[in-house]
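A.B. asks: Contents of run-v8.txt (compact mmCIF, C-alpha atoms) are below:
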```
# COMPACT_ATOMS: atom_id res chain seq x y z
CA MET A 1060 16.98 -42.13 11.92
CA GLU A 1061 18.13 -44.10 8.89
CA THR A 1062 18.59 -47.86 8.85
CA LYS A 1063 20.29 -49.83 6.09
CA ILE A 1064 20.30 -53.61 5.90
CA ASN A 1065 22.11 -55.34 3.07
CA TYR A 1066 20.90 -58.70 1.83
CA GLU A 1067 22.48 -60.71 -0.98
CA THR A 1068 19.86 -59.90 -3.60
CA ILE A 1069 17.88 -56.94 -2.27
CA LYS A 1070 18.62 -53.66 -0.51
CA LEU A 1071 16.55 -52.25 2.32
CA ASP A 1072 16.73 -48.60 3.37
CA VAL A 1073 14.52 -47.38 6.20
CA GLU A 1074 14.29 -43.67 6.91
CA GLY A 1075 11.62 -42.54 9.31
CA ALA A 1076 8.25 -43.97 8.31
CA VAL A 1077 9.39 -44.98 4.80
CA ALA A 1078 11.06 -48.28 3.85
CA GLN A 1079 12.56 -48.60 0.37
CA ILE A 1080 13.19 -52.10 -0.96
CA ARG A 1081 15.34 -52.45 -4.08
CA PHE A 1082 15.75 -55.62 -6.11
CA ASN A 1083 19.51 -55.97 -6.40
CA ARG A 1084 20.55 -58.30 -9.21
CA PRO A 1085 21.22 -55.61 -11.82
CA LYS A 1086 23.38 -57.84 -14.04
CA SER A 1087 20.36 -60.08 -14.62
CA MET A 1088 17.87 -57.17 -14.85
CA ASN A 1089 16.75 -58.11 -11.32
CA ALA A 1090 15.40 -61.48 -12.40
CA LEU A 1091 13.80 -63.16 -9.41
CA ASN A 1092 15.69 -66.29 -8.41
CA GLU A 1093 14.82 -68.41 -5.39
CA THR A 1094 17.21 -66.54 -3.12
CA MET A 1095 15.73 -63.16 -4.04
CA MET A 1096 12.18 -64.40 -3.52
CA LYS A 1097 12.99 -65.70 -0.04
CA GLU A 1098 14.95 -62.59 0.95
CA PHE A 1099 12.17 -60.34 -0.33
CA LEU A 1100 9.60 -62.36 1.62
CA ASN A 1101 11.63 -62.21 4.84
CA CYS A 1102 12.18 -58.48 4.37
CA LEU A 1103 8.44 -57.85 3.92
CA LYS A 1104 7.64 -59.91 7.02
CA ASP A 1105 10.10 -57.87 9.08
CA ILE A 1106 8.60 -54.61 7.81
CA CYS A 1107 5.06 -55.83 8.56
CA VAL A 1108 5.85 -55.91 12.29
CA ASN A 1109 7.81 -52.64 12.29
CA ASP A 1110 5.34 -50.15 13.73
CA ASP A 1111 7.57 -47.21 12.81
CA VAL A 1112 7.11 -47.88 9.06
CA ASN A 1113 3.90 -46.84 7.34
CA ILE A 1114 4.97 -46.67 3.68
CA VAL A 1115 6.94 -49.14 1.53
CA VAL A 1116 8.45 -48.28 -1.87
CA LEU A 1117 9.54 -51.04 -4.26
CA LYS A 1118 12.28 -50.28 -6.78
CA GLY A 1119 14.95 -51.98 -8.87
CA GLU A 1120 18.69 -51.36 -8.96
CA GLY A 1121 20.40 -50.73 -12.29
CA GLY A 1122 18.44 -50.51 -15.51
CA ALA A 1123 15.25 -52.39 -14.62
CA PHE A 1124 12.58 -52.94 -12.01
CA SER A 1125 12.50 -56.71 -12.59
CA SER A 1126 12.57 -58.78 -15.76
CA GLY A 1127 10.55 -61.52 -14.06
CA GLY A 1128 11.41 -65.03 -12.95
CA ASP A 1129 14.98 -66.22 -13.52
CA ILE A 1130 14.68 -68.40 -16.62
CA LYS A 1131 18.21 -69.81 -16.21
CA GLU A 1132 17.22 -71.12 -12.79
CA MET A 1133 13.94 -72.44 -14.24
CA LEU A 1134 15.99 -74.51 -16.68
CA SER A 1135 18.17 -76.03 -13.96
CA GLY A 1136 15.98 -79.13 -13.80
CA TRP A 1137 13.38 -78.49 -11.08
CA ASP A 1138 11.48 -81.64 -10.18
CA GLU A 1139 7.83 -81.41 -9.15
CA LYS A 1140 8.70 -81.08 -5.45
CA GLN A 1141 11.11 -78.18 -6.11
CA PHE A 1142 8.58 -76.52 -8.41
CA PHE A 1143 5.82 -76.60 -5.80
CA SER A 1144 8.24 -75.33 -3.14
CA ILE A 1145 9.15 -72.31 -5.27
CA MET A 1146 5.52 -71.66 -6.21
CA ASP A 1147 4.58 -71.78 -2.53
CA THR A 1148 7.26 -69.15 -1.84
CA ILE A 1149 5.89 -66.96 -4.64
CA ASN A 1150 2.34 -67.34 -3.32
CA GLU A 1151 3.35 -66.48 0.25
CA LEU A 1152 5.27 -63.50 -1.09
CA VAL A 1153 2.23 -62.20 -2.97
CA MET A 1154 -0.10 -62.70 0.00
CA THR A 1155 2.32 -60.88 2.30
CA LEU A 1156 2.82 -57.97 -0.08
CA TYR A 1157 -0.87 -57.57 -0.96
CA ASN A 1158 -2.05 -57.79 2.65
CA MET A 1159 0.75 -55.99 4.49
CA PRO A 1160 -0.47 -53.25 6.87
CA LYS A 1161 1.47 -50.52 5.07
CA VAL A 1162 0.80 -48.28 2.09
CA THR A 1163 2.85 -49.74 -0.77
CA ILE A 1164 4.17 -48.03 -3.91
CA ALA A 1165 5.80 -49.75 -6.90
CA SER A 1166 8.19 -47.41 -8.75
CA ILE A 1167 8.96 -48.91 -12.17
CA HIS A 1168 11.80 -47.98 -14.48
CA GLY A 1169 13.12 -50.13 -17.31
CA ALA A 1170 11.56 -53.57 -17.56
CA ALA A 1171 8.77 -54.90 -15.35
CA ALA A 1172 7.86 -58.21 -16.93
CA GLY A 1173 6.24 -61.51 -15.99
CA LEU A 1174 6.49 -62.18 -12.27
CA GLY A 1175 8.14 -58.77 -11.84
CA LEU A 1176 4.99 -57.09 -13.15
CA SER A 1177 2.70 -59.33 -11.07
CA LEU A 1178 4.52 -58.23 -7.91
CA ALA A 1179 4.43 -54.56 -8.92
CA LEU A 1180 0.66 -54.78 -9.45
CA ALA A 1181 0.26 -56.14 -5.90
CA ALA A 1182 1.23 -52.68 -4.61
CA ASP A 1183 -1.40 -50.12 -3.67
CA TYR A 1184 -0.09 -47.53 -6.12
CA VAL A 1185 1.95 -48.21 -9.27
CA ILE A 1186 3.91 -45.48 -11.03
CA ALA A 1187 6.22 -46.02 -14.01
CA ASP A 1188 8.64 -43.98 -16.06
CA GLU A 1189 6.93 -43.16 -19.35
CA GLU A 1190 9.70 -45.08 -21.15
CA ALA A 1191 9.44 -48.17 -18.93
CA LYS A 1192 8.65 -51.51 -20.57
CA LEU A 1193 5.81 -53.42 -18.94
CA ALA A 1194 4.68 -56.84 -20.11
CA MET A 1195 2.63 -59.73 -18.76
CA ASN A 1196 4.62 -61.87 -21.16
CA PHE A 1197 4.33 -65.42 -19.82
CA ILE A 1198 2.54 -66.37 -23.06
CA GLY A 1199 5.82 -65.97 -24.96
CA ILE A 1200 7.18 -69.16 -23.41
CA GLY A 1201 3.86 -70.99 -23.27
CA LEU A 1202 3.12 -70.29 -19.60
CA ILE A 1203 0.35 -68.55 -17.66
CA PRO A 1204 0.78 -65.61 -15.27
CA ASP A 1205 1.72 -66.49 -11.71
CA GLY A 1206 2.38 -64.32 -8.69
CA GLY A 1207 -1.32 -63.51 -8.67
CA GLY A 1208 -1.09 -61.96 -12.14
CA HIS A 1209 -4.64 -63.05 -13.04
CA PHE A 1210 -6.05 -61.56 -9.84
CA MET A 1211 -4.07 -58.31 -10.08
CA LEU A 1212 -5.04 -57.66 -13.70
CA GLU A 1213 -8.69 -58.64 -13.29
CA ARG A 1214 -9.17 -56.25 -10.36
CA ARG A 1215 -7.60 -53.39 -12.31
CA VAL A 1216 -9.06 -53.82 -15.80
CA GLY A 1217 -11.81 -56.45 -15.60
CA GLU A 1218 -11.99 -60.02 -16.88
CA SER A 1219 -12.32 -59.42 -20.62
CA LYS A 1220 -9.47 -56.92 -20.86
CA ALA A 1221 -7.29 -58.99 -18.52
CA LYS A 1222 -7.59 -61.96 -20.90
CA GLN A 1223 -6.55 -59.87 -23.88
CA ILE A 1224 -3.52 -58.44 -22.05
CA ILE A 1225 -2.43 -61.91 -20.94
CA TRP A 1226 -3.00 -63.52 -24.34
CA ASP A 1227 -1.24 -60.71 -26.25
CA GLY A 1228 1.80 -60.49 -23.96
CA LYS A 1229 2.33 -57.05 -25.46
CA VAL A 1230 5.11 -54.79 -24.21
CA MET A 1231 3.71 -51.41 -23.16
CA ASN A 1232 5.49 -48.23 -22.19
CA GLY A 1233 4.47 -46.37 -19.04
CA GLN A 1234 1.91 -44.14 -20.72
CA GLU A 1235 0.33 -47.04 -22.62
CA ALA A 1236 0.06 -48.98 -19.36
CA VAL A 1237 -1.80 -46.03 -17.78
CA GLU A 1238 -4.17 -45.83 -20.74
CA ALA A 1239 -4.81 -49.58 -20.49
CA GLY A 1240 -5.66 -49.18 -16.81
CA ILE A 1241 -2.88 -51.47 -15.64
CA ILE A 1242 -1.01 -48.87 -13.56
CA ASP A 1243 -1.98 -45.64 -11.83
CA THR A 1244 0.27 -43.04 -13.43
CA SER A 1245 3.43 -42.48 -15.45
CA ALA A 1246 6.24 -39.98 -14.93
CA PRO A 1247 8.04 -37.97 -17.62
CA SER A 1248 11.36 -39.57 -18.51
CA GLY A 1249 13.99 -38.93 -15.86
CA THR A 1250 11.56 -37.65 -13.21
CA LEU A 1251 10.39 -40.90 -11.61
CA ASP A 1252 12.21 -40.43 -8.30
CA GLN A 1253 10.94 -36.86 -7.99
CA GLU A 1254 7.37 -37.97 -8.66
CA VAL A 1255 7.66 -40.69 -6.03
CA ASP A 1256 8.97 -38.11 -3.57
CA LYS A 1257 5.90 -35.94 -4.28
CA LEU A 1258 3.65 -38.94 -3.65
CA LEU A 1259 5.43 -39.66 -0.37
CA GLU A 1260 5.00 -36.04 0.68
CA LYS A 1261 1.29 -36.28 -0.11
CA TYR A 1262 0.87 -39.49 1.89
CA ARG A 1263 2.85 -38.20 4.86
CA ALA A 1264 0.31 -35.38 5.18
CA LYS A 1265 -2.60 -37.83 5.39
CA PRO A 1266 -3.95 -39.90 8.31
CA LEU A 1267 -2.04 -43.01 7.25
CA GLN A 1268 -3.61 -45.31 9.82
CA ALA A 1269 -7.03 -44.59 8.29
CA MET A 1270 -5.64 -45.35 4.82
CA ILE A 1271 -4.11 -48.60 6.06
CA LYS A 1272 -7.36 -49.65 7.77
CA THR A 1273 -9.25 -49.21 4.48
CA LYS A 1274 -6.57 -51.26 2.73
CA LYS A 1275 -6.87 -54.05 5.31
CA ILE A 1276 -10.67 -54.17 4.99
CA LEU A 1277 -10.54 -54.38 1.18
CA ALA A 1278 -7.73 -56.95 1.30
CA GLU A 1279 -9.71 -59.09 3.73
CA MET A 1280 -12.73 -58.92 1.42
CA ASN A 1281 -10.55 -60.24 -1.42
CA ARG A 1282 -8.49 -62.74 0.60
CA GLN A 1283 -10.25 -65.96 -0.41
CA THR A 1284 -10.32 -64.98 -4.09
CA LEU A 1285 -6.59 -64.30 -4.09
CA ILE A 1286 -5.82 -67.55 -2.24
CA LYS A 1287 -7.91 -69.49 -4.79
CA THR A 1288 -6.24 -67.68 -7.71
CA LEU A 1289 -2.73 -68.46 -6.43
CA GLU A 1290 -3.62 -72.14 -6.01
CA LEU A 1291 -5.09 -72.30 -9.53
CA GLU A 1292 -1.98 -70.60 -10.93
CA LYS A 1293 0.34 -73.04 -9.16
CA ASN A 1294 -1.42 -76.13 -10.51
CA GLY A 1295 -1.99 -74.57 -13.92
CA GLN A 1296 1.66 -73.59 -14.26
CA LEU A 1297 2.77 -77.15 -13.53
CA ARG A 1298 0.50 -78.35 -16.35
CA MET A 1299 1.87 -75.70 -18.74
CA ARG A 1300 5.48 -76.66 -17.97
CA GLY A 1301 4.75 -80.08 -19.46
CA THR A 1302 3.38 -78.80 -22.77
CA GLU A 1303 5.14 -78.94 -26.12
CA ASP A 1304 4.49 -75.23 -26.57
CA HIS A 1305 6.38 -74.38 -23.39
CA GLN A 1306 9.36 -76.45 -24.49
CA GLU A 1307 9.29 -74.70 -27.87
CA GLY A 1308 8.91 -71.30 -26.21
CA VAL A 1309 11.97 -71.82 -24.03
CA LYS A 1310 13.99 -73.18 -26.94
CA ALA A 1311 13.04 -70.20 -29.10
CA PHE A 1312 13.91 -67.82 -26.26
CA LEU A 1313 17.37 -69.32 -25.91
CA GLU A 1314 17.88 -69.32 -29.68
CA LYS A 1315 16.56 -65.73 -29.90
CA ARG A 1316 13.94 -66.52 -32.52
CA LYS A 1317 10.15 -66.44 -32.84
CA PRO A 1318 8.54 -69.58 -31.37
CA ASP A 1319 6.55 -71.95 -33.58
CA PHE A 1320 3.65 -72.90 -31.31
CA LYS A 1321 1.40 -75.86 -32.16
CA GLY A 1322 -1.31 -75.50 -29.50
CA ARG A 1323 -0.13 -78.61 -27.68
```
In structure tokens, what does this structure look like?
C.D. replies:
Amino acid sequence: METKINYETIKLDVEGAVAQIRFNRPKSMNALNETMMKEFLNCLKDICVNDDVNIVVLKGEGGAFSSGGDIKEMLSGWDEKQFFSIMDTINELVMTLYNMPKVTIASIHGAAAGLGLSLALAADYVIADEEAKLAMNFIGIGLIPDGGGHFMLERRVGESKAKQIIWDGKVMNGQEAVEAGIIDTSAPSGTLDQEVDKLLEKYRAKPLQAMIKTKKILAEMNRQTLIKTLELEKNGQLRMRGTEDHQEGVKAFLEKRKPDFKGR
């Protein structure tokens, strides 16, 4: 039985035990605006209580997985109350995705940057096209990772390497991301969907409830650390939004030039 539910900014396809969620703002490279975040959160919550679904695959429509947070919306003049409301939505989204009682797969093609990459790394298994472009690039506009980016990177590569990745903001292709330890595997160009299908076939042949129980135990062990990280990111991001370097970073982004940071 196949179920399709259309939201404004995401697509949900459920076939048997597999739910596929696609970010659906292709004209903006699936940048995450407030509407998409809330729809994605509501979709995940619905899937969490659907006992027929055991596996969730995250994808992006068009030419990208997700380019990150919607900078145009960020520039619309959020006051502190609006900022905290949006950050609370992001944090609830990350907690729901990381802890959901399903096996989750992030399938990355094109860009996965900023918040888009943080969300991808919250999945249990991350696979990317070898030509994908992955970047924890908050540093480029004078911000820090949010969406649990610090937590997700630290658990995959360790503290020292996580700092270097965050501070560099380097764009990596799929193979480079595997070598750095950020993601699990890459797929030869043009074969991403086929490789995901192979992974689904492998998982379907396993005792999925045992896999999910292990996931829930490990997630519970890490719960308080993730909660603390998300709170630190929320308050730290507010501080960064008030810096001169952030203002310069945004201005340079809009003017398509290299920013001239002053460390203030």
A.B. asks: Compare A:Leu1297, A:Met1146, A:Lys1222, A:Leu1251 by their minimum atom-to-atom distance to A:Glu1190, counting all atoms listed in the file, and give me the closest one.
C.D. replies: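 Ranking A:Leu1297, A:Met1146, A:Lys1222, A:Leu1251 by distance to A:Glu1190, first place goes to A:Leu1251.
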A.B. asks: What does the distance from atom CA of A:Asp1147 to atom CA of A:Gly1206 come to in Å, to one decimal?
C.D. replies: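 Going from atom CA of A:Asp1147 over to atom CA of A:Gly1206 covers 9.9 Å.
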A.B. asks: For atom CA of A:Glu1132 and atom CA of A:Cys1102, determine how far apart the two atoms are, in Å to one decimal place.
C.D. replies: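 Going from atom CA of A:Glu1132 over to atom CA of A:Cys1102, I get 21.9 Å.
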A.B. asks: Atom CA of A:Ile1224 to atom CA of A:Phe1082: how many Å, to one decimal?
C.D. replies: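 Rounded to one decimal, the two atoms are 25.2 Å apart.
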A.B. asks: Find the residues around A:Leu1193 up to 10 Å (all atoms listed in the file counted), leave out those fewer than 5 positions away in its own chain, and share them as a compact mmCIF listing (two decimals) with C-alpha atoms, in the coordinates of the input.
C.D. replies:
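Final output, selection-v2.txt:
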```txt
# COMPACT_ATOMS: atom_id res chain seq x y z
CA PHE A 1124 12.58 -52.94 -12.01
CA SER A 1125 12.50 -56.71 -12.59
CA SER A 1126 12.57 -58.78 -15.76
CA ILE A 1167 8.96 -48.91 -12.17
CA HIS A 1168 11.80 -47.98 -14.48
CA GLY A 1169 13.12 -50.13 -17.31
CA ALA A 1170 11.56 -53.57 -17.56
CA ALA A 1171 8.77 -54.90 -15.35
CA ALA A 1172 7.86 -58.21 -16.93
CA GLY A 1173 6.24 -61.51 -15.99
CA GLY A 1175 8.14 -58.77 -11.84
CA LEU A 1176 4.99 -57.09 -13.15
CA ALA A 1187 6.22 -46.02 -14.01
CA GLY A 1228 1.80 -60.49 -23.96
CA LYS A 1229 2.33 -57.05 -25.46
CA VAL A 1230 5.11 -54.79 -24.21
CA MET A 1231 3.71 -51.41 -23.16
CA ASN A 1232 5.49 -48.23 -22.19
CA GLY A 1233 4.47 -46.37 -19.04
CA GLU A 1235 0.33 -47.04 -22.62
CA ALA A 1236 0.06 -48.98 -19.36
CA ILE A 1241 -2.88 -51.47 -15.64
CA ILE A 1242 -1.01 -48.87 -13.56
```
A.B. asks: Skip A:Asn1294 itself and residues of its chain fewer than 4 positions away, then list as a VMD selection string all residues within 10 Å of it, counting only C-alpha atoms.
C.D. replies: chain A and resid 1143 1146 1289 to 1290 1298 to 1299
A.B. asks: For A:Ile1114, which of A:Asp1183, A:Glu1093, A:Glu1218, A:Asp1252 is the closest residue, counting all atoms listed in the file?
C.D. replies: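 Among the listed residues, A:Asp1183 lies closest to A:Ile1114.
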A.B. asks: Quick one: of A:Ala1194, A:Val1162, A:Ile1186, A:Leu1291, who's nearest to A:Gly1207, counting all atoms listed in the file?
C.D. replies: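 Closest to A:Gly1207 of all the choices is A:Leu1291.
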A.B. asks: Which residue out of A:Phe1099, A:Tyr1157, A:Tyr1066, A:Phe1142 has the minimum interatomic distance to A:Ala1278 when all atoms listed in the file are used?
C.D. replies: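 Closest to A:Ala1278 of all the choices is A:Tyr1157.
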A.B. asks: Let me make sure I understand: among A:Ser1219, A:Ile1200, A:Ala1181, A:Leu1117, which one has the smallest atom-to-atom distance to A:Gln1296 if we use all atoms listed in the file?
C.D. replies: A:Ile1200
A.B. asks: Select, from A:Lys1257, A:Lys1161, A:Lys1287, A:Arg1214, the residue with the minimum atom-to-atom distance to A:Lys1272, counting only C-alpha atoms.
C.D. replies: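 Nearest candidate to A:Lys1272 out of A:Lys1257, A:Lys1161, A:Lys1287, A:Arg1214: A:Lys1161.
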A.B. asks: Please determine an axis-aligned box that encloses all atoms of stretch 1268-1284 of chain A listed in the file, with 8 Å added on each side, and express its centre and edge lengths in Å to one decimal as lines of an AutoDock Vina configuration file.
C.D. replies:
```
center_x = -8.2
center_y = -55.3
center_z = 2.9
size_x = 25.1
size_y = 37.4
size_z = 29.9
```
A.B. asks: Which residues, written as an MDAnalysis selection string, have at least one atom at most 9 Å from A:Ile1145, with all atoms listed in the file counted and residues fewer than 4 positions away on the same chain left out?
C.D. replies: chainID A and resid 1093 1096 1140:1141 1149:1150
A.B. asks: Those selected residues, please, written with C-alpha atoms and delivered as a PDB file, keeping the file's coordinate frame.
C.D. replies:
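Printed below is again-v8.pdb as written:
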```pdb
ATOM      1  CA  GLU A1093      14.820 -68.410  -5.390  1.00  0.00           C
ATOM      2  CA  MET A1096      12.180 -64.400  -3.520  1.00  0.00           C
ATOM      3  CA  LYS A1140       8.700 -81.080  -5.450  1.00  0.00           C
ATOM      4  CA  GLN A1141      11.110 -78.180  -6.110  1.00  0.00           C
ATOM      5  CA  ILE A1149       5.890 -66.960  -4.640  1.00  0.00           C
ATOM      6  CA  ASN A1150       2.340 -67.340  -3.320  1.00  0.00           C
TER       7      ASN A1150
END
```
A.B. asks: Give me the residues near A:Ala1221 as a PyMOL selection string, where near means some atom within 6 Å (using only C-alpha atoms) and where sequence neighbours in that chain fewer than 4 positions away do not count.
C.D. replies: chain A and resi 1212-1213+1217
A.B. asks: Take the residues that were just selected and, keeping C-alpha atoms, output them as a tab-separated table (two decimals), in the frame of the given file.
C.D. replies:
```tsv
chain	number	residue	atom	x	y	z
A	1212	LEU	CA	-5.04	-57.66	-13.70
A	1213	GLU	CA	-8.69	-58.64	-13.29
A	1217	GLY	CA	-11.81	-56.45	-15.60
```
A.B. asks: Counting only C-alpha atoms, what is within 7 Å of A:Val1077, bar same-chain residues fewer than 5 positions away, as a PyMOL selection string?
C.D. replies: chain A and resi 1112-1115
A.B. asks: Please write as a list in words the list of polymer residues whose atoms come within 8 Å of (-0.2, -65.2, -25.1), counting all atoms listed in the file and keeping to the coordinates of the file.
C.D. replies: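 Every polymer residue passing the test: Asn1196, Phe1197, Ile1198, Gly1199, Gly1201, Ile1225, Trp1226, Asp1227 and Gly1228 of chain A.
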A.B. asks: Please output stretch 1099-1117 of chain A, rebuilt to include N, CA, C and O atoms, as a JSON list (two decimals), in the coordinates of the input.
C.D. replies:
```json
[["chain", "number", "residue", "atom", "x", "y", "z"],
["A", 1099, "PHE", "N", 13.23, -61.33, -0.21],
["A", 1099, "PHE", "CA", 12.17, -60.34, -0.33],
["A", 1099, "PHE", "C", 11.03, -60.66, 0.64],
["A", 1099, "PHE", "O", 10.51, -59.78, 1.34],
["A", 1100, "LEU", "N", 10.66, -61.93, 0.71],
["A", 1100, "LEU", "CA", 9.60, -62.36, 1.62],
["A", 1100, "LEU", "C", 9.98, -62.07, 3.07],
["A", 1100, "LEU", "O", 9.18, -61.51, 3.83],
["A", 1101, "ASN", "N", 11.20, -62.44, 3.47],
["A", 1101, "ASN", "CA", 11.63, -62.21, 4.84],
["A", 1101, "ASN", "C", 11.69, -60.73, 5.16],
["A", 1101, "ASN", "O", 11.33, -60.30, 6.27],
["A", 1102, "CYS", "N", 12.12, -59.93, 4.19],
["A", 1102, "CYS", "CA", 12.18, -58.48, 4.37],
["A", 1102, "CYS", "C", 10.78, -57.92, 4.59],
["A", 1102, "CYS", "O", 10.55, -57.10, 5.51],
["A", 1103, "LEU", "N", 9.82, -58.33, 3.78],
["A", 1103, "LEU", "CA", 8.44, -57.85, 3.92],
["A", 1103, "LEU", "C", 7.87, -58.24, 5.29],
["A", 1103, "LEU", "O", 7.17, -57.44, 5.93],
["A", 1104, "LYS", "N", 8.14, -59.46, 5.72],
["A", 1104, "LYS", "CA", 7.64, -59.91, 7.02],
["A", 1104, "LYS", "C", 8.20, -59.05, 8.15],
["A", 1104, "LYS", "O", 7.48, -58.70, 9.10],
["A", 1105, "ASP", "N", 9.49, -58.72, 8.06],
["A", 1105, "ASP", "CA", 10.10, -57.87, 9.08],
["A", 1105, "ASP", "C", 9.46, -56.48, 9.09],
["A", 1105, "ASP", "O", 9.20, -55.91, 10.15],
["A", 1106, "ILE", "N", 9.20, -55.94, 7.90],
["A", 1106, "ILE", "CA", 8.60, -54.61, 7.81],
["A", 1106, "ILE", "C", 7.16, -54.63, 8.34],
["A", 1106, "ILE", "O", 6.69, -53.66, 8.96],
["A", 1107, "CYS", "N", 6.46, -55.72, 8.10],
["A", 1107, "CYS", "CA", 5.06, -55.83, 8.56],
["A", 1107, "CYS", "C", 4.94, -55.59, 10.06],
["A", 1107, "CYS", "O", 3.94, -55.03, 10.53],
["A", 1108, "VAL", "N", 5.93, -56.03, 10.83],
["A", 1108, "VAL", "CA", 5.85, -55.91, 12.29],
["A", 1108, "VAL", "C", 6.62, -54.69, 12.82],
["A", 1108, "VAL", "O", 6.76, -54.52, 14.02],
["A", 1109, "ASN", "N", 7.12, -53.86, 11.90],
["A", 1109, "ASN", "CA", 7.81, -52.64, 12.29],
["A", 1109, "ASN", "C", 6.79, -51.50, 12.36],
["A", 1109, "ASN", "O", 6.39, -50.96, 11.34],
["A", 1110, "ASP", "N", 6.39, -51.15, 13.56],
["A", 1110, "ASP", "CA", 5.34, -50.15, 13.73],
["A", 1110, "ASP", "C", 5.78, -48.74, 13.34],
["A", 1110, "ASP", "O", 4.94, -47.84, 13.20],
["A", 1111, "ASP", "N", 7.07, -48.53, 13.19],
["A", 1111, "ASP", "CA", 7.57, -47.21, 12.81],
["A", 1111, "ASP", "C", 7.40, -46.95, 11.31],
["A", 1111, "ASP", "O", 7.44, -45.79, 10.88],
["A", 1112, "VAL", "N", 7.23, -48.01, 10.51],
["A", 1112, "VAL", "CA", 7.11, -47.88, 9.06],
["A", 1112, "VAL", "C", 5.66, -47.89, 8.64],
["A", 1112, "VAL", "O", 4.90, -48.79, 9.03],
["A", 1113, "ASN", "N", 5.26, -46.90, 7.86],
["A", 1113, "ASN", "CA", 3.90, -46.84, 7.34],
["A", 1113, "ASN", "C", 3.82, -46.96, 5.82],
["A", 1113, "ASN", "O", 2.77, -47.25, 5.27],
["A", 1114, "ILE", "N", 4.95, -46.69, 5.14],
["A", 1114, "ILE", "CA", 4.97, -46.67, 3.68],
["A", 1114, "ILE", "C", 6.14, -47.51, 3.18],
["A", 1114, "ILE", "O", 7.25, -47.42, 3.70],
["A", 1115, "VAL", "N", 5.89, -48.30, 2.14],
["A", 1115, "VAL", "CA", 6.94, -49.14, 1.53],
["A", 1115, "VAL", "C", 7.01, -48.82, 0.04],
["A", 1115, "VAL", "O", 5.99, -48.81, -0.65],
["A", 1116, "VAL", "N", 8.22, -48.56, -0.45],
["A", 1116, "VAL", "CA", 8.45, -48.28, -1.87],
["A", 1116, "VAL", "C", 9.28, -49.40, -2.46],
["A", 1116, "VAL", "O", 10.34, -49.75, -1.92],
["A", 1117, "LEU", "N", 8.82, -49.97, -3.55],
["A", 1117, "LEU", "CA", 9.54, -51.04, -4.26],
["A", 1117, "LEU", "C", 10.22, -50.46, -5.49],
["A", 1117, "LEU", "O", 9.58, -49.77, -6.28]]
```
